[in-house]
$ cat query.txt   # compact mmCIF, C-alpha atoms and all ligand atoms
# COMPACT_ATOMS: atom_id res chain seq x y z
CA GLY A 1 2.83 182.43 70.28
CA GLU A 2 0.42 182.26 73.19
CA PRO A 3 -0.20 178.90 74.85
CA GLY A 4 -3.26 176.93 73.82
CA ALA A 5 -4.66 173.43 73.70
CA ILE A 6 -6.46 170.95 71.56
CA VAL A 7 -8.66 168.49 73.40
CA LEU A 8 -10.36 165.40 72.08
CA VAL A 9 -13.51 164.26 73.83
CA ASP A 10 -14.78 160.75 73.44
CA LEU A 11 -17.90 159.34 75.09
CA ASP A 12 -17.36 156.21 77.09
CA ARG A 13 -20.68 154.41 76.70
CA PHE A 14 -22.02 155.70 73.42
CA LYS A 15 -21.99 152.34 71.69
CA GLU A 16 -23.83 150.76 74.58
CA VAL A 17 -26.56 153.40 74.38
CA ASN A 18 -26.80 153.06 70.61
CA ASP A 19 -27.03 149.28 70.82
CA THR A 20 -29.52 149.03 73.65
CA LEU A 21 -31.74 152.06 73.14
CA GLY A 22 -31.35 152.58 69.41
CA HIS A 23 -29.99 155.23 67.08
CA HIS A 24 -32.47 157.93 68.01
CA ALA A 25 -31.30 157.70 71.64
CA GLY A 26 -27.68 157.80 70.49
CA ASP A 27 -28.35 160.92 68.42
CA GLU A 28 -30.18 162.52 71.29
CA LEU A 29 -27.22 161.77 73.56
CA LEU A 30 -24.78 163.39 71.11
CA GLY A 31 -27.03 166.46 70.99
CA VAL A 32 -27.07 166.73 74.77
CA VAL A 33 -23.28 166.36 74.94
CA ALA A 34 -22.70 168.96 72.22
CA GLY A 35 -25.01 171.37 74.04
CA ARG A 36 -23.31 170.89 77.38
CA LEU A 37 -19.85 171.29 75.86
CA ARG A 38 -20.88 174.42 73.98
CA ASP A 39 -22.41 175.95 77.11
CA GLY A 40 -19.19 175.36 79.04
CA LEU A 41 -16.84 176.88 76.49
CA ARG A 42 -15.71 180.48 76.30
CA PRO A 43 -16.49 182.74 73.31
CA ALA A 44 -13.05 182.29 71.70
CA ASP A 45 -13.15 178.46 71.98
CA THR A 46 -14.22 176.17 69.18
CA LEU A 47 -16.28 172.99 69.37
CA ALA A 48 -16.04 170.56 66.46
CA ARG A 49 -17.84 167.30 65.87
CA LEU A 50 -15.40 164.72 64.50
CA GLY A 51 -17.79 161.93 63.70
CA GLY A 52 -18.70 158.88 65.73
CA ASP A 53 -18.88 159.97 69.33
CA GLU A 54 -15.84 162.21 69.20
CA PHE A 55 -15.58 165.94 69.59
CA ALA A 56 -12.62 168.29 69.41
CA LEU A 57 -12.17 171.44 71.45
CA ILE A 58 -9.79 174.17 70.41
CA LEU A 59 -8.85 176.36 73.33
CA PRO A 60 -6.77 179.39 72.39
CA ARG A 61 -4.91 181.57 74.91
CA SER A 62 -5.05 178.94 77.69
CA ASP A 63 -2.24 177.60 79.84
CA ALA A 64 -2.24 174.14 81.45
CA GLY A 65 -3.97 175.38 84.60
CA THR A 66 -6.75 177.10 82.67
CA VAL A 67 -7.27 174.00 80.51
CA ARG A 68 -7.49 171.82 83.59
CA ARG A 69 -10.08 174.04 85.23
CA LEU A 70 -12.14 174.22 82.07
CA LEU A 71 -12.06 170.42 81.60
CA ASP A 72 -12.99 169.89 85.23
CA GLU A 73 -16.02 172.08 84.70
CA LEU A 74 -16.92 170.37 81.44
CA SER A 75 -16.69 166.88 82.86
CA ALA A 76 -18.79 167.96 85.85
CA ALA A 77 -21.38 169.46 83.49
CA LEU A 78 -21.41 166.30 81.37
CA ALA A 79 -21.88 164.11 84.41
CA HIS A 80 -25.36 165.46 85.14
CA GLU A 81 -27.93 162.77 84.60
CA VAL A 82 -29.69 162.58 81.26
CA VAL A 83 -32.89 160.59 80.68
CA LEU A 84 -33.07 158.77 77.34
CA ASP A 85 -36.22 156.81 76.56
CA GLY A 86 -37.03 156.86 80.26
CA VAL A 87 -33.62 155.45 81.17
CA PRO A 88 -31.49 157.69 83.41
CA LEU A 89 -27.81 157.77 82.43
CA SER A 90 -24.75 159.61 83.58
CA ILE A 91 -22.50 160.75 80.78
CA GLU A 92 -18.84 159.88 81.07
CA ALA A 93 -16.21 161.04 78.63
CA SER A 94 -12.49 160.69 78.13
CA PHE A 95 -10.38 163.73 77.38
CA GLY A 96 -7.08 163.71 75.53
CA VAL A 97 -5.16 166.94 75.83
CA ALA A 98 -2.29 168.34 73.79
CA LEU A 99 -0.80 171.66 74.78
CA TYR A 100 0.57 174.21 72.35
CA PRO A 101 3.51 174.78 72.05
CA GLU A 102 4.86 172.02 74.36
CA HIS A 103 3.37 169.11 72.44
CA GLY A 104 3.32 170.42 68.92
CA ARG A 105 3.21 173.50 66.77
CA ASP A 106 0.62 172.64 64.15
CA VAL A 107 -2.94 171.39 64.39
CA GLU A 108 -2.20 168.06 62.80
CA GLU A 109 0.51 167.19 65.26
CA LEU A 110 -1.53 168.43 68.20
CA LEU A 111 -4.50 166.30 67.11
CA ARG A 112 -2.28 163.25 66.80
CA ARG A 113 -0.89 163.83 70.25
CA ALA A 114 -4.30 164.49 71.79
CA ASP A 115 -5.48 161.25 70.22
CA ALA A 116 -2.53 159.35 71.69
CA ALA A 117 -3.30 160.85 75.08
CA MET A 118 -6.91 159.78 74.85
CA TYR A 119 -5.97 156.30 73.75
CA HIS A 120 -3.78 155.95 76.85
CA GLY A 121 -6.57 157.35 78.97
CA LYS A 122 -9.04 154.77 77.68
CA ARG A 123 -6.87 152.01 78.97
CA GLY A 124 -6.02 153.70 82.24
CA ALA A 125 -8.05 154.88 85.16
CA SER A 126 -8.13 158.55 84.40
CA ASP A 127 -10.63 160.47 82.31
CA ILE A 128 -8.25 163.36 81.66
CA VAL A 129 -4.94 162.41 80.15
CA VAL A 130 -2.36 164.82 78.96
CA TYR A 131 0.04 163.69 76.32
CA ALA A 132 3.37 164.75 77.69
CA GLY A 133 5.42 162.94 75.09
CA GLU A 134 9.00 161.91 75.58
CA GLU A 135 9.74 165.06 77.55
CA MET A 136 7.34 164.27 80.37
CA ALA A 137 9.14 167.22 81.86
CA ALA A 138 6.25 169.62 81.73
CA HIS A 139 5.47 169.60 85.40
CA SER A 140 2.05 171.08 84.90
CA THR A 141 0.95 168.25 82.65
CA GLN A 142 1.94 165.43 84.96
CA TRP A 143 0.23 167.36 87.67
CA LEU A 144 -2.96 167.33 85.60
CA VAL A 145 -2.89 163.56 85.47
CA VAL A 146 -2.33 163.08 89.19
CA GLN A 147 -4.99 165.62 89.97
CA ALA A 148 -7.55 163.93 87.75
CA GLU A 149 -6.71 160.48 89.10
CA LEU A 150 -6.73 161.63 92.70
CA ARG A 151 -10.24 162.97 92.33
CA HIS A 152 -11.25 159.46 91.28
CA ALA A 153 -9.21 157.92 94.08
CA LEU A 154 -11.23 159.85 96.63
CA ALA A 155 -14.50 158.89 94.99
CA ARG A 156 -13.50 155.23 94.72
CA ASP A 157 -12.02 154.96 98.18
CA GLU A 158 -8.54 154.08 96.93
CA LEU A 159 -6.79 155.84 99.81
CA VAL A 160 -5.69 153.88 102.86
CA LEU A 161 -4.36 154.86 106.26
CA HIS A 162 -1.36 153.30 107.88
CA TYR A 163 -0.54 154.06 111.49
CA GLN A 164 2.79 154.49 113.19
CA PRO A 165 2.90 154.19 116.99
CA LYS A 166 4.39 156.79 119.32
CA VAL A 167 5.93 155.00 122.24
CA ASP A 168 6.14 156.34 125.80
CA LEU A 169 9.88 156.23 126.56
CA ARG A 170 9.33 155.57 130.27
CA SER A 171 6.69 152.83 130.14
CA GLY A 172 7.57 151.40 126.72
CA GLU A 173 3.88 151.33 125.82
CA VAL A 174 2.15 152.67 122.75
CA ALA A 175 0.81 156.07 123.76
CA SER A 176 -0.77 157.08 120.50
CA VAL A 177 -0.65 156.43 116.77
CA GLU A 178 -0.10 158.74 113.81
CA ALA A 179 -2.19 158.31 110.67
CA LEU A 180 -0.16 158.42 107.44
CA VAL A 181 -2.05 158.36 104.17
CA ARG A 182 -1.20 156.11 101.21
CA TRP A 183 -2.80 155.69 97.80
CA GLN A 184 -3.56 152.17 96.63
CA HIS A 185 -3.25 153.04 92.96
CA PRO A 186 -4.86 150.48 90.63
CA GLN A 187 -1.83 150.45 88.29
CA ARG A 188 1.08 151.86 90.25
CA GLY A 189 0.63 150.07 93.56
CA LEU A 190 0.85 151.59 97.02
CA LEU A 191 2.02 155.20 96.64
CA PRO A 192 3.61 157.26 99.43
CA PRO A 193 2.22 160.74 100.17
CA SER A 194 5.14 162.44 98.41
CA GLU A 195 3.70 161.17 95.09
CA PHE A 196 0.36 162.91 95.44
CA LEU A 197 0.20 165.37 98.33
CA PRO A 198 1.87 168.22 96.42
CA ALA A 199 -0.78 167.98 93.69
CA ALA A 200 -3.51 167.77 96.33
CA GLU A 201 -2.15 170.82 98.10
CA GLN A 202 -1.84 172.92 94.97
CA SER A 203 -5.35 172.10 93.89
CA GLY A 204 -8.31 172.28 96.21
CA LEU A 205 -8.14 168.52 96.73
CA ILE A 206 -6.34 168.74 100.07
CA GLU A 207 -9.66 169.69 101.63
CA PRO A 208 -11.61 166.54 100.72
CA LEU A 209 -8.43 164.53 101.33
CA THR A 210 -8.02 165.81 104.89
CA ALA A 211 -11.72 165.29 105.51
CA TRP A 212 -11.37 161.70 104.28
CA VAL A 213 -8.31 161.07 106.50
CA LEU A 214 -10.06 162.55 109.55
CA ARG A 215 -13.17 160.43 109.02
CA ARG A 216 -11.21 157.23 108.49
CA ALA A 217 -8.92 157.89 111.45
CA LEU A 218 -11.83 158.65 113.79
CA ALA A 219 -13.75 155.59 112.57
CA ASP A 220 -10.67 153.40 113.13
CA GLN A 221 -10.12 154.97 116.54
CA ALA A 222 -13.72 154.26 117.57
CA HIS A 223 -13.05 150.68 116.49
CA TRP A 224 -9.78 150.13 118.40
CA THR A 225 -11.17 151.90 121.47
CA SER A 226 -14.02 149.39 121.51
CA THR A 227 -11.42 146.62 121.55
CA GLY A 228 -9.68 148.03 124.61
CA ARG A 229 -6.89 150.11 123.08
CA CYS A 230 -6.91 153.66 124.39
CA TRP A 231 -4.51 155.22 121.90
CA SER A 232 -5.04 158.79 120.90
CA VAL A 233 -4.71 159.45 117.17
CA SER A 234 -2.68 162.06 115.29
CA VAL A 235 -3.72 163.39 111.90
CA ASN A 236 -1.47 165.54 109.70
CA VAL A 237 -3.12 168.69 108.41
CA SER A 238 -1.85 171.22 105.89
CA ALA A 239 -1.48 174.96 106.22
CA ARG A 240 -4.30 175.32 103.75
CA ASN A 241 -6.66 173.39 106.03
CA LEU A 242 -5.93 175.71 108.93
CA GLU A 243 -6.59 178.76 106.77
CA LYS A 244 -10.07 177.57 105.85
CA PRO A 245 -12.67 179.39 107.95
CA GLY A 246 -14.69 177.01 110.09
CA PHE A 247 -12.08 174.24 110.12
CA ALA A 248 -12.03 173.88 113.94
CA GLU A 249 -15.80 173.62 114.04
CA PHE A 250 -15.73 171.07 111.22
CA VAL A 251 -13.22 168.86 113.07
CA ALA A 252 -15.13 169.13 116.34
CA GLY A 253 -18.29 168.10 114.46
CA LEU A 254 -16.57 164.98 113.14
CA VAL A 255 -15.35 164.03 116.62
CA ALA A 256 -18.93 164.30 117.86
CA GLU A 257 -20.22 162.31 114.90
CA TYR A 258 -17.85 159.40 115.58
CA GLY A 259 -18.35 159.54 119.33
CA THR A 260 -14.65 159.81 120.09
CA SER A 261 -13.07 162.24 122.53
CA PRO A 262 -11.54 165.55 121.40
CA GLY A 263 -8.76 165.04 123.94
CA GLN A 264 -7.81 161.85 122.09
CA LEU A 265 -7.27 163.66 118.79
CA LEU A 266 -4.09 165.51 117.91
CA LEU A 267 -3.57 167.50 114.72
CA GLU A 268 0.02 167.65 113.47
CA VAL A 269 0.92 170.91 111.82
CA THR A 270 4.35 171.78 110.45
CA GLU A 271 6.29 174.53 112.10
CA THR A 272 6.23 176.67 108.95
CA ALA A 273 2.42 176.51 108.73
CA LEU A 274 2.38 178.38 112.04
CA ALA A 275 4.82 181.10 110.96
CA ALA A 276 4.25 184.57 112.34
CA ASP A 277 2.37 185.82 109.28
CA ALA A 278 -0.09 182.92 109.38
CA ARG A 279 -2.64 184.79 111.46
CA ARG A 280 -5.61 182.72 110.48
CA ALA A 281 -3.79 179.45 111.08
CA ALA A 282 -2.91 180.64 114.57
CA GLN A 283 -6.55 181.53 115.18
CA THR A 284 -7.62 178.05 114.09
CA VAL A 285 -5.09 176.52 116.48
CA VAL A 286 -6.54 178.51 119.37
CA ASP A 287 -10.07 177.56 118.31
CA LEU A 288 -9.18 173.84 118.08
CA SER A 289 -7.50 173.93 121.45
CA SER A 290 -10.50 175.60 123.06
CA ARG A 291 -12.55 172.66 121.81
CA GLY A 292 -10.17 170.25 123.51
CA ILE A 293 -8.35 169.13 120.34
CA GLY A 294 -4.57 169.03 120.69
CA ILE A 295 -2.02 170.60 118.37
CA SER A 296 1.35 169.07 117.59
CA VAL A 297 4.15 171.02 115.92
CA ASP A 298 5.68 168.69 113.33
CA ASP A 299 9.22 168.72 111.89
CA PHE A 300 10.32 171.09 114.62
CA GLY A 301 13.71 172.64 113.99
CA THR A 302 13.56 172.55 110.19
CA GLY A 303 11.66 175.78 109.65
CA PHE A 304 12.98 179.10 110.71
CA THR A 305 10.03 179.88 112.86
CA GLY A 306 11.54 179.07 116.20
CA MET A 307 9.99 178.40 119.54
CA SER A 308 9.49 182.05 120.34
CA GLN A 309 6.88 182.41 117.60
CA LEU A 310 4.95 179.50 119.03
CA LEU A 311 5.03 180.99 122.53
CA GLY A 312 1.53 182.38 122.50
CA LEU A 313 -0.04 179.23 121.05
CA PRO A 314 -1.51 176.30 122.95
CA ILE A 315 0.80 173.49 121.80
CA ALA A 316 0.29 169.99 123.22
CA GLU A 317 3.25 168.32 121.53
CA VAL A 318 6.49 169.25 119.80
CA LYS A 319 7.98 166.71 117.40
CA ILE A 320 11.72 166.95 116.91
CA ASP A 321 12.55 166.49 113.26
CA ARG A 322 14.26 163.24 112.39
CA THR A 323 17.31 164.97 110.89
CA PHE A 324 18.41 165.91 114.43
CA VAL A 325 17.39 162.57 115.89
CA ALA A 326 19.26 160.48 113.32
CA ASP A 327 22.71 161.77 114.23
CA VAL A 328 22.16 162.67 117.87
CA LEU A 329 24.82 160.19 119.02
CA ASP A 330 27.52 161.61 116.74
CA SER A 331 26.76 165.29 116.42
CA PRO A 332 27.26 167.67 119.35
CA GLN A 333 25.16 170.24 117.47
CA SER A 334 22.21 167.89 117.18
CA GLN A 335 22.58 167.01 120.86
CA ALA A 336 22.48 170.68 121.77
CA ILE A 337 19.41 171.28 119.60
CA VAL A 338 17.55 168.28 120.96
CA ARG A 339 18.31 169.25 124.57
CA ALA A 340 17.26 172.85 123.93
CA VAL A 341 13.99 171.83 122.29
CA ILE A 342 13.18 169.50 125.17
CA ALA A 343 13.88 172.22 127.75
CA LEU A 344 11.86 174.85 125.89
CA ALA A 345 8.92 172.55 125.17
CA HIS A 346 8.74 171.38 128.76
CA GLY A 347 9.01 174.98 129.93
CA LEU A 348 5.91 175.74 127.88
CA GLY A 349 4.05 172.68 129.15
CA SER A 350 4.32 170.71 125.88
CA ARG A 351 5.20 167.05 125.47
CA VAL A 352 8.21 166.19 123.29
CA THR A 353 8.23 163.39 120.72
CA ALA A 354 11.33 162.41 118.74
CA GLU A 355 10.66 161.12 115.22
CA GLY A 356 12.86 158.84 113.13
CA VAL A 357 14.21 156.73 116.02
CA GLU A 358 15.88 153.76 114.35
CA THR A 359 18.19 152.31 117.01
CA ALA A 360 17.92 151.36 120.68
CA ASP A 361 20.99 153.49 121.46
CA VAL A 362 19.27 156.61 120.18
CA ALA A 363 16.13 155.75 122.15
CA TYR A 364 18.23 155.32 125.30
CA TRP A 365 19.95 158.67 124.77
CA LEU A 366 16.59 160.40 124.25
CA ARG A 367 15.11 158.86 127.36
CA ARG A 368 18.04 160.08 129.44
CA ALA A 369 17.70 163.54 127.89
CA GLY A 370 14.11 163.69 129.15
CA CYS A 371 12.28 163.17 125.85
CA ASP A 372 8.74 161.90 126.46
CA GLU A 373 7.85 159.83 123.41
CA ALA A 374 9.60 158.31 120.43
CA GLN A 375 8.51 157.17 117.01
CA GLY A 376 10.45 155.38 114.31
CA TYR A 377 11.37 152.17 112.55
CA LEU A 378 12.91 150.85 115.79
CA TYR A 379 9.38 150.34 117.09
CA SER A 380 7.33 149.99 113.95
CA ARG A 381 6.99 151.19 110.41
CA PRO A 382 3.60 152.66 109.53
CA VAL A 383 1.20 149.68 109.28
CA PRO A 384 -2.55 148.99 109.25
CA TRP A 385 -3.76 149.51 112.81
CA LEU A 386 -4.53 145.85 113.39
CA GLU A 387 -0.82 145.09 113.01
CA ILE A 388 0.26 147.42 115.80
CA PRO A 389 1.37 145.40 118.83
CA MET A 390 -1.05 145.90 121.68
CA TYR A 391 1.28 146.18 124.63
CA GLU A 392 4.86 147.05 125.32
CA ILE A 393 7.34 147.44 122.57
CA THR A 394 10.92 147.23 123.66
P1 LIG A 401 5.75 163.28 108.72
O1 LIG A 401 4.45 163.73 109.32
O2 LIG A 401 6.99 163.93 109.22
O3 LIG A 401 5.78 161.71 108.88
C1 LIG A 401 6.92 160.97 109.14
C2 LIG A 401 7.46 160.33 107.88
O4 LIG A 401 8.70 159.67 108.21
C3 LIG A 401 6.56 159.23 107.34
O5 LIG A 401 6.73 159.19 105.93
C4 LIG A 401 7.14 157.98 107.99
O6 LIG A 401 6.87 156.80 107.27
C5 LIG A 401 8.61 158.30 107.97
N1 LIG A 401 9.31 157.61 109.08
C6 LIG A 401 8.79 157.20 110.25
N2 LIG A 401 9.73 156.63 111.04
C7 LIG A 401 10.89 156.70 110.35
C8 LIG A 401 12.24 156.26 110.64
O7 LIG A 401 12.55 155.69 111.69
N3 LIG A 401 13.18 156.51 109.68
C9 LIG A 401 12.87 157.12 108.52
N4 LIG A 401 13.85 157.31 107.63
N5 LIG A 401 11.61 157.54 108.20
C10 LIG A 401 10.63 157.33 109.12
P2 LIG A 401 5.48 159.15 104.95
O8 LIG A 401 4.43 158.23 105.48
O9 LIG A 401 6.02 158.92 103.60
O10 LIG A 401 4.89 160.61 105.06
C11 LIG A 401 5.59 161.71 104.57
C12 LIG A 401 4.91 162.99 104.93
O11 LIG A 401 3.66 163.13 104.26
C13 LIG A 401 4.57 163.10 106.41
O12 LIG A 401 5.73 163.50 107.12
C14 LIG A 401 3.49 164.16 106.39
O13 LIG A 401 4.06 165.45 106.37
C15 LIG A 401 2.82 163.91 105.07
N6 LIG A 401 1.54 163.19 105.29
C16 LIG A 401 1.34 161.87 105.50
N7 LIG A 401 0.03 161.60 105.65
C17 LIG A 401 -0.61 162.79 105.55
C18 LIG A 401 -2.00 163.19 105.62
O14 LIG A 401 -2.93 162.39 105.83
N8 LIG A 401 -2.27 164.52 105.44
C19 LIG A 401 -1.28 165.44 105.22
N9 LIG A 401 -1.64 166.74 105.08
N10 LIG A 401 0.01 165.11 105.17
C20 LIG A 401 0.35 163.79 105.33
CA CA A 402 -16.40 156.10 72.59
CA CA A 403 3.53 164.05 111.14
CA CA A 404 7.68 164.94 110.94
$ encode --input "query.txt" --output "structure tokens"
Amino acid sequence: GEPGAIVLVDLDRFKEVNDTLGHHAGDELLGVVAGRLRDGLRPADTLARLGGDEFALILPRSDAGTVRRLLDELSAALAHEVVLDGVPLSIEASFGVALYPEHGRDVEELLRRADAAMYHGKRGASDIVVYAGEEMAAHSTQWLVVQAELRHALARDELVLHYQPKVDLRSGEVASVEALVRWQHPQRGLLPPSEFLPAAEQSGLIEPLTAWVLRRALADQAHWTSTGRCWSVSVNVSARNLEKPGFAEFVAGLVAEYGTSPGQLLLEVTETALAADARRAAQTVVDLSSRGIGISVDDFGTGFTGMSQLLGLPIAEVKIDRTFVADVLDSPQSQAIVRAVIALAHGLGSRVTAEGVETADVAYWLRRAGCDEAQGYLYSRPVPWLEIPMYEIT
């Protein structure tokens, strides 16, 4: 049959309201919640009151993505302030979701699973939990969890930036630092970007995430500049950011707000984000550059875009992907690629940075080949900016 879902909704602070303001306030709260849920549902959906402070939603003909969007809207609608007995409250609810047919084929089983999901949610950080059972395979459902938690992470400031220096191969000094985002997850510890960026990129969350990273990086830069370090800062941005109209203006506005210099900010964009059909991205690059903000082409050599497609664009830096750097001492092909990229980039007036430099021998080879800057575990892993050595790394 068609996909569908059963969702249990449980209010988080109902008992508190009942106990402190009395039953009439509790009843009024349930009425408000029922009204808001009903208003948010579609004609074919069903809202049921299960007793206590629990509701059930039956959502026919809905896949995981549709369910997620609907629940996002419902939880946003619920969150609007309600005044009970003169006391303003925000309504928070937990959702337990079971998807048909992945999690069960009859109502009873789906309800049991939705209940299990909600029970887990109550003890965790997230307000939307999908019961994915033993399978856990359903990609979409895990995605729902990360997406819901990430929204909280942004609101609760659980993201952190680590910085990895780029070292000038001639002087041996730190030339600039790259911001790399991590998620300090309350249960799972420090998570690398691979654990949450895909979900952020698929949903709209990459926009607030990039905005958060830019703000934090510029604030940190203002701080280290005031302590005598003149490092420029690199921030990674996604294709989706570049496609958003007004992005260049937005970034320039932030630079002005933090009182830093546009020439000291570099945005790293992957080669594929600048592919020939990405017209709007290319426009944004030109716009950023005209405002003095530099563009770096990340992971160069891994896409199939090629230097020729970047020819018309104002590129400040080309970063050679670490797959070529890692085996440059052993592989004649990698040597040829690295030399070609350096020649082309220099011919176009761009700086070249090699990423993934792990040994002094590789750094030496790169320096002799004319590479400008290097980045990698040889110098430093990504660390909080205060842990970056101030002068000369050898
Ligand atoms: P990237 O921009 O290519 O960043 C380099 C990645 O290689 C980082 O992984 C870094 O920790 C790792 N690395 C650095 N030096 C070495 C080395 O010597 N050897 C090896 N084996 N690895 C090295 P990380 O921090 O896990 O980031 C992964 C990717 O996530 C980044 O790749 C970037 O594409 C993306 N990313 C990170 N932060 C952000 C962000 O704030 N916004 C966006 N849109 N993407 C981000
Ligand atoms: Ca409750
Ligand atoms: Ca990068
Ligand atoms: Ca890279």
$ closest_atom_pairs --input "query.txt" --of "chain A" --to "ligand CA 404 (chain A)" --cutoff "7 Å" --atoms "only C-alpha atoms and all ligand atoms" --output "JSON lines"
{"residue": "A:Asp298", "atom": "CA", "partner": "A:CA404", "partner_atom": "CA", "distance": 4.9}
{"residue": "A:Asp299", "atom": "CA", "partner": "A:CA404", "partner_atom": "CA", "distance": 4.2}
{"residue": "A:Lys319", "atom": "CA", "partner": "A:CA404", "partner_atom": "CA", "distance": 6.7}
{"residue": "A:Asp321", "atom": "CA", "partner": "A:CA404", "partner_atom": "CA", "distance": 5.6}
{"residue": "A:Arg322", "atom": "CA", "partner": "A:CA404", "partner_atom": "CA", "distance": 6.9}
{"residue": "A:Glu355", "atom": "CA", "partner": "A:CA404", "partner_atom": "CA", "distance": 6.5}
$ write_last_selection --input "query.txt" --atoms "C-alpha atoms" --output "compact mmCIF listing (two decimals), in the coordinates of the input"
# COMPACT_ATOMS: atom_id res chain seq x y z
CA ASP A 298 5.68 168.69 113.33
CA ASP A 299 9.22 168.72 111.89
CA LYS A 319 7.98 166.71 117.40
CA ASP A 321 12.55 166.49 113.26
CA ARG A 322 14.26 163.24 112.39
CA GLU A 355 10.66 161.12 115.22
$ residues_around --input "query.txt" --residues "His80 of chain A" --least-positions-apart "4" --cutoff "12 Å" --atoms "all atoms listed in the file" --output "JSON, numbers by chain"
{"A": [32, 33, 36, 73, 74, 75, 76, 88, 89, 90, 91, 92]}
$ closest_residue --input "query.txt" --among "A:Ile342, A:Leu274, A:Arg279, A:Gln164" --to "ligand CA 403 (chain A)" --atoms "all atoms listed in the file"
A:Gln164
$ residues_near_ligand --input "query.txt" --ligand "ligand CA 402 (chain A)" --cutoff "6 Å" --atoms "only C-alpha atoms and all ligand atoms" --output "ChimeraX atom specification"
/A:10-12,14,53
$ residues_around --input "query.txt" --residues "Ser334 of chain A" --least-positions-apart "6" --cutoff "7 Å" --atoms "only C-alpha atoms" --output "PDB file with C-alpha atoms, in the coordinates of the input"
ATOM      1  CA  PHE A 324      18.410 165.910 114.430  1.00  0.00           C
ATOM      2  CA  ASP A 327      22.710 161.770 114.230  1.00  0.00           C
ATOM      3  CA  VAL A 328      22.160 162.670 117.870  1.00  0.00           C
TER       4      VAL A 328
END
$ closest_residue --input "query.txt" --among "A:Ser296, A:Thr225, A:Ser94, A:Thr66" --to "ligand LIG 401 (chain A)" --atoms "all atoms listed in the file"
A:Ser296
$ residues_near_ligand --input "query.txt" --ligand "ligand CA 403 (chain A)" --cutoff "8 Å" --atoms "only C-alpha atoms and all ligand atoms" --output "PyMOL selection string"
chain A and resi 178+180+234-236+268-270+298-299
$ write_last_selection --input "query.txt" --atoms "C-alpha atoms" --output "CSV table (one decimal), in the frame of the given file"
chain,number,residue,atom,x,y,z
A,178,GLU,CA,-0.1,158.7,113.8
A,180,LEU,CA,-0.2,158.4,107.4
A,234,SER,CA,-2.7,162.1,115.3
A,235,VAL,CA,-3.7,163.4,111.9
A,236,ASN,CA,-1.5,165.5,109.7
A,268,GLU,CA,0.0,167.6,113.5
A,269,VAL,CA,0.9,170.9,111.8
A,270,THR,CA,4.4,171.8,110.4
A,298,ASP,CA,5.7,168.7,113.3
A,299,ASP,CA,9.2,168.7,111.9
$ residues_around --input "query.txt" --residues "segment 245-257 of chain A" --least-positions-apart "5" --cutoff "10 Å" --atoms "only C-alpha atoms" --output "list of chain:residue names"
A:Glu207, A:Ala211, A:Leu214, A:Arg215, A:Leu218, A:Ala219, A:Ala222, A:Pro262, A:Gly263, A:Gln264, A:Leu265, A:Leu267, A:Arg280, A:Ala281, A:Gln283, A:Thr284, A:Val285, A:Val286, A:Asp287, A:Leu288, A:Ser289, A:Ser290, A:Arg291, A:Gly292, A:Ile293
$ residues_near_ligand --input "query.txt" --ligand "ligand LIG 401 (chain A)" --cutoff "6 Å" --atoms "all atoms listed in the file" --output "PyMOL selection string"
chain A and resi 180-181+192-193+210+213+236-238+299+356-358+376-377+382
$ write_last_selection --input "query.txt" --atoms "C-alpha atoms" --output "mmCIF file, keeping the file's coordinate frame"
data_model
loop_
_atom_site.group_PDB
_atom_site.id
_atom_site.type_symbol
_atom_site.label_atom_id
_atom_site.label_comp_id
_atom_site.auth_asym_id
_atom_site.auth_seq_id
_atom_site.Cartn_x
_atom_site.Cartn_y
_atom_site.Cartn_z
ATOM 1 C CA LEU A 180 -0.160 158.420 107.440
ATOM 2 C CA VAL A 181 -2.050 158.360 104.170
ATOM 3 C CA PRO A 192 3.610 157.260 99.430
ATOM 4 C CA PRO A 193 2.220 160.740 100.170
ATOM 5 C CA THR A 210 -8.020 165.810 104.890
ATOM 6 C CA VAL A 213 -8.310 161.070 106.500
ATOM 7 C CA ASN A 236 -1.470 165.540 109.700
ATOM 8 C CA VAL A 237 -3.120 168.690 108.410
ATOM 9 C CA SER A 238 -1.850 171.220 105.890
ATOM 10 C CA ASP A 299 9.220 168.720 111.890
ATOM 11 C CA GLY A 356 12.860 158.840 113.130
ATOM 12 C CA VAL A 357 14.210 156.730 116.020
ATOM 13 C CA GLU A 358 15.880 153.760 114.350
ATOM 14 C CA GLY A 376 10.450 155.380 114.310
ATOM 15 C CA TYR A 377 11.370 152.170 112.550
ATOM 16 C CA PRO A 382 3.600 152.660 109.530
#
$ residues_around --input "query.txt" --residues "segment 29-31 of chain A" --least-positions-apart "4" --cutoff "12 Å" --atoms "all atoms listed in the file" --output "PyMOL selection string"
chain A and resi 9-18+21-25+35-38+49-55+78+81-85+87-93
$ atom_distance --input "query.txt" --atom1 "atom CA of Ala114 of chain A" --atom2 "atom CA of Ile206 of chain A"
28.7 Å
$ residues_around --input "query.txt" --residues "Ile295 of chain A" --least-positions-apart "5" --cutoff "6 Å" --atoms "only C-alpha atoms" --output "mmCIF file with C-alpha atoms, keeping the file's coordinate frame"
data_model
loop_
_atom_site.group_PDB
_atom_site.id
_atom_site.type_symbol
_atom_site.label_atom_id
_atom_site.label_comp_id
_atom_site.auth_asym_id
_atom_site.auth_seq_id
_atom_site.Cartn_x
_atom_site.Cartn_y
_atom_site.Cartn_z
ATOM 1 C CA LEU A 266 -4.090 165.510 117.910
ATOM 2 C CA LEU A 267 -3.570 167.500 114.720
ATOM 3 C CA ILE A 315 0.800 173.490 121.800
ATOM 4 C CA ALA A 316 0.290 169.990 123.220
#
